[in-house]
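Student: Before we start, here is the structure in question, set down as structure tokens.
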Amino acid sequence: MSSDRGTMTYTLLSDEELFALVRDREDEQAYRTLYRRYDKRLYSYCLRAMGNPDDAQDVFQTISLTVFDKRRSFVDGSFAAWLFTITRNMCLKALRSRKHKVEFNEEFIAPEEESTHSQDFLLKRALHTAIAELPEEFREALELRYFDDLSYDDIALTLSITVSLAKVRVFRAKKLITQKLSPILDELK
Amino acid sequence: MTNDELLAGFLDRSLNEDQLIEFEARKQAQPAFAQEVNEMLTVENLLVESAPVASVPVDYLSSVEHAVAAKVAAGSASGGILSTLASNVWTWITGAAIIAAGSYFVVSNYGDGSKTQNALPRVAQRAAPRVQPDLKPGVAKDALPNSLVNGNRNTPQNGSGSVPLNRTPISMQSHNDPSHPITQNARDVGMHTVNADGALDGLLKDLDKCRAARDHVQCSHIALTIGKKYSKQNAFTQAEQYLNLALTEAQAARLVEFEIEANGELAVVAQNDGRINDARQLYQKAATLGISNGIQTDKWSKALEALDK
């Protein structure tokens, strides 16, 4: 399908335009372009949610296939929000069925940081601990904003809440983290 | 506006000029607020810099990409024709008329049925998958569903009809039926709680659905997942059963990545089951398939090396 598109620069197309090509014309090249935009972010999300690479890979693969199978259900709006809604639902479903407890996993910290007990490292470690201790709804909104790089509009759609509530949750999360880190920040001054 | 509202607006860069002036004024007037702003900015920077770094399995992501892209391509090949046909009612009417006319022609010209019978094997041959499942040592042929053994899920065997994979996990099924061939093997490996993973039921249901829909890509993926699960539980017979299904489906869908994965996982099962020669052959098969298709199979090559050592 992609050959008839000649020299079309897929990378210049928006997510929604690419997905429309996938949905309406089963355009393989459009799919590959879109996949590469999101694969690492989506995998990281799955890894955070599932807590181990094996489960993350299982869910990631299921999501990848489901997104194509459900392509007709995406009509308009934000592709990122639609994608993360599917991802979130799949992860929740997998977690429910596996009765898995979500915990912050130290595997996410970059290996080079693990061996460096610098102030910066300690601060980041404290930050991740504080994030893990946040109430679920605050943590989820914060992670979507800072780790998955979603806009407030997309966070709102993904979590089925209003944009203002999404903003409030992210702000409250940051405020709670700041309160927890305040003593450390004082010490480091 | 409250301090929090001003601070939230400042961090989101959504304050207008008047609000920014108000924000600066409060910072000057309230040292505690100024400190809070500084701390929040530090946390903000930390959050931006500290996104968890996950080690991304690049090869794996690439294999999923190829698998789904193959599905997209397959969809474009079949979907185009089907949607064109489905969108035209007259096509259906014309088709029905052609079938009726064809039937009349067959009945009137080959009334004894001998030539009609001769035509059937060709149709059956086309419908059959290109590749028969490769039965591995240790997997009793009668332990596999008929559809797997025959390579054709719709072809009745011995008049018994097709045997779909049961929704009930095989472990439970075999406990209920002591004569079931899998029961013996299940007992041999000490399986008592294989269905502890509730996700298995859902996967088996999904597998039924995709088999009904003849979705080879999805079937291969799901069968592979189920096979791996059983493998982790040391339920070797079941693991091999589903991994063989994954292999067959992957071959039908021409998904080399899944084919490699299925062979590799079958090797793992054989190794864990103490069948070292089988394991060696299967690892070799996975690695060779990878090399001949330009796909990285370090995982299986290394496993083979480790086995030889």
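In the structure tokens, each chain is lettered A, B, ... as it comes, each chain's residues begin at 1, and ligands are numbered from 1 in order of appearance.
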Residues of chain B near chain A: apply a cut-off of 8 Å, count only C-alpha atoms, and supply the list as a PyMOL selection string.

Tutor: chain B and resi 8+39-40+43-44+46-48+50-56+61+64-65+68-70+72-73+75-76+197-199+218+225

Student: Select, from B:Thr42, B:Ser220, B:Ser63, B:Gln238, the residue with the minimum atom-to-atom distance to Asp206 (chain B), counting only C-alpha atoms.

Tutor: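 For Asp206 (chain B), the nearest of the given residues is B:Ser220.
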
Student: State, in Å with one decimal place, the distance from CA of Phe33 (chain B) to CA of Pro135 (chain A).

Tutor: 24.5 Å

Student: Which residues are near Lys302 (chain B)? Cut-off 12 Å, only C-alpha atoms, ignore same chain within fewer than 3 positions. Put them as a VMD selection string.

Tutor: chain B and resid 264 280 283 to 284 286 to 287 296 to 299 305 to 309

Student: Could you take the residues named above and write them with all heavy atoms, as a short mmCIF file (atom, residue, chain, number, x, y, z; two decimals), in the first residue's frame?

Tutor:
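Okay, this is what ended up in out.cif:
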```cif
data_model
loop_
_atom_site.label_atom_id
_atom_site.label_comp_id
_atom_site.auth_asym_id
_atom_site.auth_seq_id
_atom_site.Cartn_x
_atom_site.Cartn_y
_atom_site.Cartn_z
N GLY B 264 12.27 -21.48 19.60
CA GLY B 264 13.13 -21.22 20.75
C GLY B 264 12.48 -21.65 22.05
O GLY B 264 13.10 -22.29 22.91
N ARG B 280 18.68 -28.97 21.51
CA ARG B 280 19.75 -28.50 20.63
C ARG B 280 19.22 -28.28 19.21
O ARG B 280 19.48 -27.23 18.60
CB ARG B 280 20.89 -29.51 20.63
CG ARG B 280 22.12 -29.04 19.86
CD ARG B 280 23.27 -30.00 19.93
NE ARG B 280 23.86 -30.04 21.27
CZ ARG B 280 23.80 -31.09 22.10
NH1 ARG B 280 23.18 -32.19 21.73
NH2 ARG B 280 24.37 -31.04 23.28
N TYR B 283 16.86 -25.14 19.17
CA TYR B 283 17.63 -23.89 19.25
C TYR B 283 18.29 -23.61 17.91
O TYR B 283 18.29 -22.48 17.41
CB TYR B 283 18.71 -23.98 20.33
CG TYR B 283 18.23 -23.79 21.75
CD1 TYR B 283 18.65 -24.63 22.78
CD2 TYR B 283 17.37 -22.73 22.08
CE1 TYR B 283 18.23 -24.45 24.08
CE2 TYR B 283 16.94 -22.55 23.39
CZ TYR B 283 17.37 -23.42 24.38
OH TYR B 283 16.95 -23.23 25.67
N GLN B 284 18.85 -24.69 17.34
CA GLN B 284 19.52 -24.56 16.06
C GLN B 284 18.55 -24.07 14.99
O GLN B 284 18.86 -23.19 14.19
CB GLN B 284 20.11 -25.94 15.67
CG GLN B 284 20.97 -25.91 14.42
CD GLN B 284 22.27 -25.15 14.64
OE1 GLN B 284 23.00 -25.46 15.56
NE2 GLN B 284 22.51 -24.13 13.85
N ALA B 286 15.78 -22.36 15.45
CA ALA B 286 15.43 -20.94 15.70
C ALA B 286 16.54 -20.03 15.18
O ALA B 286 16.29 -19.03 14.50
CB ALA B 286 15.19 -20.71 17.19
N ALA B 287 17.79 -20.41 15.50
CA ALA B 287 18.92 -19.57 15.09
C ALA B 287 19.05 -19.54 13.57
O ALA B 287 19.27 -18.48 12.97
CB ALA B 287 20.20 -20.11 15.73
N GLN B 296 17.65 -10.99 14.19
CA GLN B 296 18.57 -11.28 15.29
C GLN B 296 18.02 -12.38 16.19
O GLN B 296 16.86 -12.30 16.63
CB GLN B 296 18.79 -10.03 16.11
CG GLN B 296 19.96 -9.19 15.63
CD GLN B 296 20.59 -8.42 16.77
OE1 GLN B 296 19.94 -8.17 17.77
NE2 GLN B 296 21.83 -8.05 16.62
N THR B 297 18.82 -13.39 16.42
CA THR B 297 18.37 -14.46 17.31
C THR B 297 19.46 -14.79 18.33
O THR B 297 19.71 -15.95 18.64
CB THR B 297 18.02 -15.73 16.49
OG1 THR B 297 19.11 -16.01 15.61
CG2 THR B 297 16.76 -15.56 15.70
N ASP B 298 20.10 -13.73 18.81
CA ASP B 298 21.19 -13.92 19.78
C ASP B 298 20.75 -14.76 20.97
O ASP B 298 21.49 -15.59 21.47
CB ASP B 298 21.66 -12.55 20.30
CG ASP B 298 22.46 -11.82 19.22
OD1 ASP B 298 22.69 -12.43 18.17
OD2 ASP B 298 22.81 -10.65 19.44
N LYS B 299 19.51 -14.48 21.38
CA LYS B 299 18.98 -15.16 22.57
C LYS B 299 19.08 -16.68 22.39
O LYS B 299 19.52 -17.40 23.28
CB LYS B 299 17.52 -14.73 22.72
CG LYS B 299 16.79 -15.22 23.92
CD LYS B 299 15.37 -14.65 23.86
CE LYS B 299 14.45 -15.29 24.88
NZ LYS B 299 13.06 -14.82 24.71
N GLU B 305 24.70 -22.17 22.62
CA GLU B 305 26.10 -22.22 23.07
C GLU B 305 26.19 -22.72 24.51
O GLU B 305 27.00 -23.57 24.85
CB GLU B 305 26.72 -20.83 22.99
CG GLU B 305 27.14 -20.43 21.57
CD GLU B 305 27.61 -18.98 21.52
OE1 GLU B 305 28.07 -18.46 22.57
OE2 GLU B 305 27.49 -18.39 20.44
N ALA B 306 25.30 -22.17 25.33
CA ALA B 306 25.30 -22.55 26.75
C ALA B 306 24.99 -24.03 26.90
O ALA B 306 25.57 -24.72 27.75
CB ALA B 306 24.27 -21.72 27.51
N LEU B 307 24.09 -24.51 26.06
CA LEU B 307 23.71 -25.92 26.12
C LEU B 307 24.90 -26.80 25.75
O LEU B 307 25.16 -27.82 26.40
CB LEU B 307 22.55 -26.16 25.14
CG LEU B 307 21.82 -27.49 25.24
CD1 LEU B 307 20.97 -27.53 26.51
CD2 LEU B 307 20.92 -27.69 24.04
N ASP B 308 25.63 -26.39 24.73
CA ASP B 308 26.77 -27.19 24.28
C ASP B 308 27.90 -27.19 25.30
O ASP B 308 28.66 -28.16 25.39
CB ASP B 308 27.27 -26.68 22.92
CG ASP B 308 26.31 -27.08 21.81
OD1 ASP B 308 25.58 -28.07 22.01
OD2 ASP B 308 26.26 -26.39 20.78
N LYS B 309 27.99 -26.09 26.04
CA LYS B 309 29.04 -26.03 27.06
C LYS B 309 28.71 -26.98 28.21
O LYS B 309 29.54 -27.51 28.88
CB LYS B 309 29.17 -24.61 27.59
CG LYS B 309 30.02 -23.73 26.68
CD LYS B 309 30.05 -22.30 27.19
CE LYS B 309 30.66 -21.36 26.16
NZ LYS B 309 30.43 -19.96 26.51
#
```

Student: Can you list, as a ChimeraX atom specification, all residues belonging to region 48-189 of chain A that DSSP tags as alpha helix (DSSP H)?

Tutor: /A:48-50,53-69,79-98,111-114,119-132,136-146,152-159,163-188

Student: What's the separation between CA of Phe138 (chain A) and CA of Ala166 (chain A), in Å to one decimal place?

Tutor: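 CA of Phe138 (chain A) sits 8.9 Å away from CA of Ala166 (chain A).
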